Amino acid sequence: MTITLITGANKGIGYETARQLLELGHTVYIGARDTERGEKAAATLGARFVQLDVTDDASVSSALATIEEAEGVLDVLVHNAGILADGPVDGPAALRAFDTNAVGLVRVTEAALPLLHRSPNAVVVTVSSSMGSFWAVTNPDRSEFGMPLALYAASKAAATMLTVQYAKSQPDIKFNALEPGPTATDMTAAFGIGRPVEESARTVVRLATLGIDGPTGTLQDENGPLPW
């Protein structure tokens, strides 16, 4: 049995990733900040729910303690929780963006490491973005070149770097970041872009189900590793 935790999984890519992994036989814990929405999503999918706010240390600790008590191990961790931070650029907005998109990754990873180390094939997937890729945002041929999302881009660059550094410091766990592709979610509604979440979630699922000899320390999209 494969035990999986997905943060921010009550909707969007996280929800669809949970659905696809459940179909593959995973036991999936949906982590969500909002208890009512999280419980509803878990009940609809046939998953399990843990209240998990990635910006709150106590919430993160409690969620992982619940999983430890119930399962004793964690095989797959998907960092999906994130915010777009597309409003005015100022100090408080920057703190919110980094607290959710980057610091939240550290909080959850550090709390999860003891359980991940108990797995024979532990995998961590960061839903990052090519908006955090220097290569993409400086390339006029890429859509990221013209998207004015400074705080989102910077915090996702941090998330990718953290993922790579964890891959180096935890060689027995596979850590990979991904660009899921332009996806029609609440986050992208204002831009009027995106494909169905089912397509983007497939990349998350691919990296969440890597074999023991799978890659680590990469940023990938559906076609493979990306420069960044």
# chains A, B, ... in the order shown; residues from 1 in each chain; ligands from 1
>>> residues_around(residues="Leu24 (chain A)", least_positions_apart="5", cutoff="12 Å", atoms="only C-alpha atoms", output="list of chain:residue names")
A:Met1, A:Thr2, A:Ile3, A:Thr4, A:Thr17, A:Ala18, A:Arg19, A:Val205, A:Arg206, A:Ala208, A:Thr209
>>> residues_around(residues="Val54 (chain A)", least_positions_apart="4", cutoff="10 Å", atoms="only C-alpha atoms", output="PyMOL selection string")
chain A and resi 7-8+31-33+58-61+79+81-82+99-108
>>> residues_around(residues="region 110-118 of chain A", least_positions_apart="6", cutoff="7 Å", atoms="only C-alpha atoms", output="MDAnalysis selection string")
chainID A and resid 61 64 68 72:75
>>> write_last_selection(atoms="N, CA, C and O atoms", output="compact mmCIF listing (two decimals), in the first residue's frame")
# COMPACT_ATOMS: atom_id res chain seq x y z
N SER A 61 2.41 20.17 11.79
CA SER A 61 2.83 19.13 12.74
C SER A 61 1.68 18.19 13.07
O SER A 61 1.86 16.96 13.13
N LEU A 64 0.88 15.76 10.08
CA LEU A 64 1.84 14.65 9.93
C LEU A 64 1.76 13.69 11.10
O LEU A 64 1.97 12.48 10.93
N GLU A 68 1.19 9.74 10.83
CA GLU A 68 2.10 8.82 11.51
C GLU A 68 1.33 7.83 12.38
O GLU A 68 1.61 6.63 12.38
N GLY A 72 2.09 5.16 9.98
CA GLY A 72 3.46 4.87 10.37
C GLY A 72 4.50 5.16 9.32
O GLY A 72 5.70 5.00 9.56
N VAL A 73 4.06 5.60 8.12
CA VAL A 73 4.98 5.83 7.01
C VAL A 73 4.32 6.79 6.03
O VAL A 73 3.09 6.94 6.01
N LEU A 74 5.16 7.46 5.23
CA LEU A 74 4.66 8.26 4.11
C LEU A 74 5.54 7.94 2.91
O LEU A 74 6.76 8.04 2.98
N ASP A 75 4.91 7.54 1.81
CA ASP A 75 5.65 7.15 0.61
C ASP A 75 5.75 8.28 -0.41
O ASP A 75 6.76 8.40 -1.10
>>> closest_residue(among="A:Tyr15, A:Phe98, A:Phe175, A:Tyr166", to="Leu207 (chain A)", atoms="only C-alpha atoms")
A:Phe175
>>> residues_around(residues="region 137-140 of chain A", least_positions_apart="3", cutoff="12 Å", atoms="only C-alpha atoms", output="MDAnalysis selection string")
chainID A and resid 129:134 143:150 153:154 157 227:228
>>> write_last_selection(atoms="all heavy atoms", output="short mmCIF file (atom, residue, chain, number, x, y, z; two decimals), in the first residue's frame")
data_model
loop_
_atom_site.label_atom_id
_atom_site.label_comp_id
_atom_site.auth_asym_id
_atom_site.auth_seq_id
_atom_site.Cartn_x
_atom_site.Cartn_y
_atom_site.Cartn_z
N SER A 129 6.72 25.89 -11.11
CA SER A 129 6.29 26.59 -12.33
C SER A 129 7.50 27.01 -13.13
O SER A 129 8.52 27.40 -12.56
CB SER A 129 5.46 27.83 -11.96
OG SER A 129 5.17 28.60 -13.11
N SER A 130 7.36 26.99 -14.44
CA SER A 130 8.42 27.53 -15.28
C SER A 130 8.46 29.05 -15.19
O SER A 130 9.40 29.67 -15.69
CB SER A 130 8.24 27.08 -16.73
OG SER A 130 6.95 27.38 -17.19
N MET A 131 7.48 29.67 -14.52
CA MET A 131 7.57 31.10 -14.20
C MET A 131 8.75 31.35 -13.27
O MET A 131 9.25 32.47 -13.18
CB MET A 131 6.29 31.59 -13.54
CG MET A 131 5.14 31.89 -14.51
SD MET A 131 5.51 33.23 -15.66
CE MET A 131 5.74 34.61 -14.53
N GLY A 132 9.21 30.31 -12.60
CA GLY A 132 10.37 30.43 -11.73
C GLY A 132 11.66 30.02 -12.42
O GLY A 132 12.69 29.86 -11.75
N SER A 133 11.62 29.87 -13.73
CA SER A 133 12.80 29.49 -14.51
C SER A 133 13.39 30.72 -15.19
O SER A 133 12.72 31.40 -15.96
CB SER A 133 12.40 28.46 -15.58
OG SER A 133 13.35 28.40 -16.62
N PHE A 134 14.67 31.01 -14.90
CA PHE A 134 15.34 32.13 -15.56
C PHE A 134 15.32 31.94 -17.08
O PHE A 134 15.13 32.88 -17.85
CB PHE A 134 16.79 32.25 -15.07
CG PHE A 134 16.90 32.76 -13.67
CD1 PHE A 134 16.69 31.93 -12.58
CD2 PHE A 134 17.22 34.09 -13.43
CE1 PHE A 134 16.79 32.40 -11.29
CE2 PHE A 134 17.33 34.57 -12.13
CZ PHE A 134 17.12 33.73 -11.06
N SER A 143 5.78 31.95 -23.29
CA SER A 143 4.68 32.77 -22.76
C SER A 143 5.04 33.41 -21.43
O SER A 143 4.55 34.49 -21.10
CB SER A 143 3.42 31.91 -22.59
OG SER A 143 3.65 30.83 -21.68
N GLU A 144 5.94 32.77 -20.67
CA GLU A 144 6.34 33.32 -19.37
C GLU A 144 7.02 34.69 -19.51
O GLU A 144 7.00 35.49 -18.58
CB GLU A 144 7.31 32.36 -18.66
CG GLU A 144 6.72 31.01 -18.31
CD GLU A 144 6.92 29.98 -19.40
OE1 GLU A 144 7.19 30.37 -20.56
OE2 GLU A 144 6.79 28.78 -19.10
N PHE A 145 7.61 34.94 -20.66
CA PHE A 145 8.35 36.18 -20.90
C PHE A 145 7.48 37.41 -20.66
O PHE A 145 7.96 38.42 -20.15
CB PHE A 145 8.87 36.18 -22.35
CG PHE A 145 9.69 37.38 -22.72
CD1 PHE A 145 11.04 37.44 -22.40
CD2 PHE A 145 9.12 38.46 -23.39
CE1 PHE A 145 11.81 38.55 -22.75
CE2 PHE A 145 9.88 39.57 -23.73
CZ PHE A 145 11.23 39.61 -23.41
N GLY A 146 6.20 37.32 -21.00
CA GLY A 146 5.33 38.48 -20.90
C GLY A 146 4.35 38.46 -19.76
O GLY A 146 3.39 39.24 -19.75
N MET A 147 4.57 37.61 -18.77
CA MET A 147 3.62 37.51 -17.66
C MET A 147 4.17 38.24 -16.44
O MET A 147 5.18 37.84 -15.86
CB MET A 147 3.34 36.04 -17.32
CG MET A 147 2.70 35.30 -18.47
SD MET A 147 2.13 33.64 -18.02
CE MET A 147 0.63 34.04 -17.11
N PRO A 148 3.52 39.34 -16.02
CA PRO A 148 4.03 40.16 -14.91
C PRO A 148 3.60 39.62 -13.55
O PRO A 148 2.72 40.17 -12.88
CB PRO A 148 3.38 41.52 -15.19
CG PRO A 148 2.07 41.16 -15.82
CD PRO A 148 2.30 39.91 -16.62
N LEU A 149 4.23 38.54 -13.14
CA LEU A 149 3.90 37.90 -11.86
C LEU A 149 5.16 37.77 -11.02
O LEU A 149 5.66 36.67 -10.77
CB LEU A 149 3.26 36.53 -12.10
CG LEU A 149 1.90 36.50 -12.79
CD1 LEU A 149 1.52 35.09 -13.19
CD2 LEU A 149 0.83 37.10 -11.87
N ALA A 150 5.69 38.90 -10.58
CA ALA A 150 7.00 38.93 -9.93
C ALA A 150 7.06 38.05 -8.69
O ALA A 150 8.00 37.26 -8.52
CB ALA A 150 7.38 40.36 -9.58
N ALA A 153 6.60 34.29 -9.54
CA ALA A 153 7.80 33.78 -10.21
C ALA A 153 8.95 33.60 -9.23
O ALA A 153 9.63 32.56 -9.23
CB ALA A 153 8.20 34.71 -11.35
N ALA A 154 9.18 34.59 -8.39
CA ALA A 154 10.31 34.53 -7.46
C ALA A 154 10.10 33.42 -6.42
O ALA A 154 11.04 32.69 -6.09
CB ALA A 154 10.49 35.88 -6.77
N ALA A 157 10.67 30.10 -8.08
CA ALA A 157 12.11 29.86 -8.25
C ALA A 157 12.70 29.32 -6.95
O ALA A 157 13.52 28.39 -6.95
CB ALA A 157 12.82 31.14 -8.67
N PRO A 227 15.31 23.30 -18.67
CA PRO A 227 16.37 24.16 -18.16
C PRO A 227 15.78 25.23 -17.25
O PRO A 227 14.62 25.60 -17.41
CB PRO A 227 16.97 24.78 -19.43
CG PRO A 227 15.87 24.73 -20.44
CD PRO A 227 15.04 23.53 -20.11
N TRP A 228 16.55 25.68 -16.28
CA TRP A 228 16.00 26.75 -15.42
C TRP A 228 17.07 27.61 -14.79
O TRP A 228 16.82 28.70 -14.33
CB TRP A 228 15.06 26.17 -14.35
CG TRP A 228 15.69 25.28 -13.32
CD1 TRP A 228 16.08 23.99 -13.45
CD2 TRP A 228 16.03 25.65 -11.97
NE1 TRP A 228 16.61 23.52 -12.28
CE2 TRP A 228 16.59 24.51 -11.34
CE3 TRP A 228 15.89 26.82 -11.22
CZ2 TRP A 228 17.02 24.52 -10.02
CZ3 TRP A 228 16.33 26.83 -9.90
CH2 TRP A 228 16.88 25.69 -9.32
#
>>> atom_distance(atom1="CA of Asn121 (chain A)", atom2="CA of Lys174 (chain A)")
8.1 Å
>>> closest_residue(among="A:Ala42, A:Ile6, A:Ala158, A:Val125", to="Thr216 (chain A)", atoms="only C-alpha atoms")
A:Val125
>>> atom_distance(atom1="CA of Leu151 (chain A)", atom2="CA of Ala93 (chain A)")
7.9 Å
>>> closest_residue(among="A:Gly181, A:Pro215, A:Gly87, A:Gly25", to="Thr203 (chain A)", atoms="only C-alpha atoms")
A:Gly181
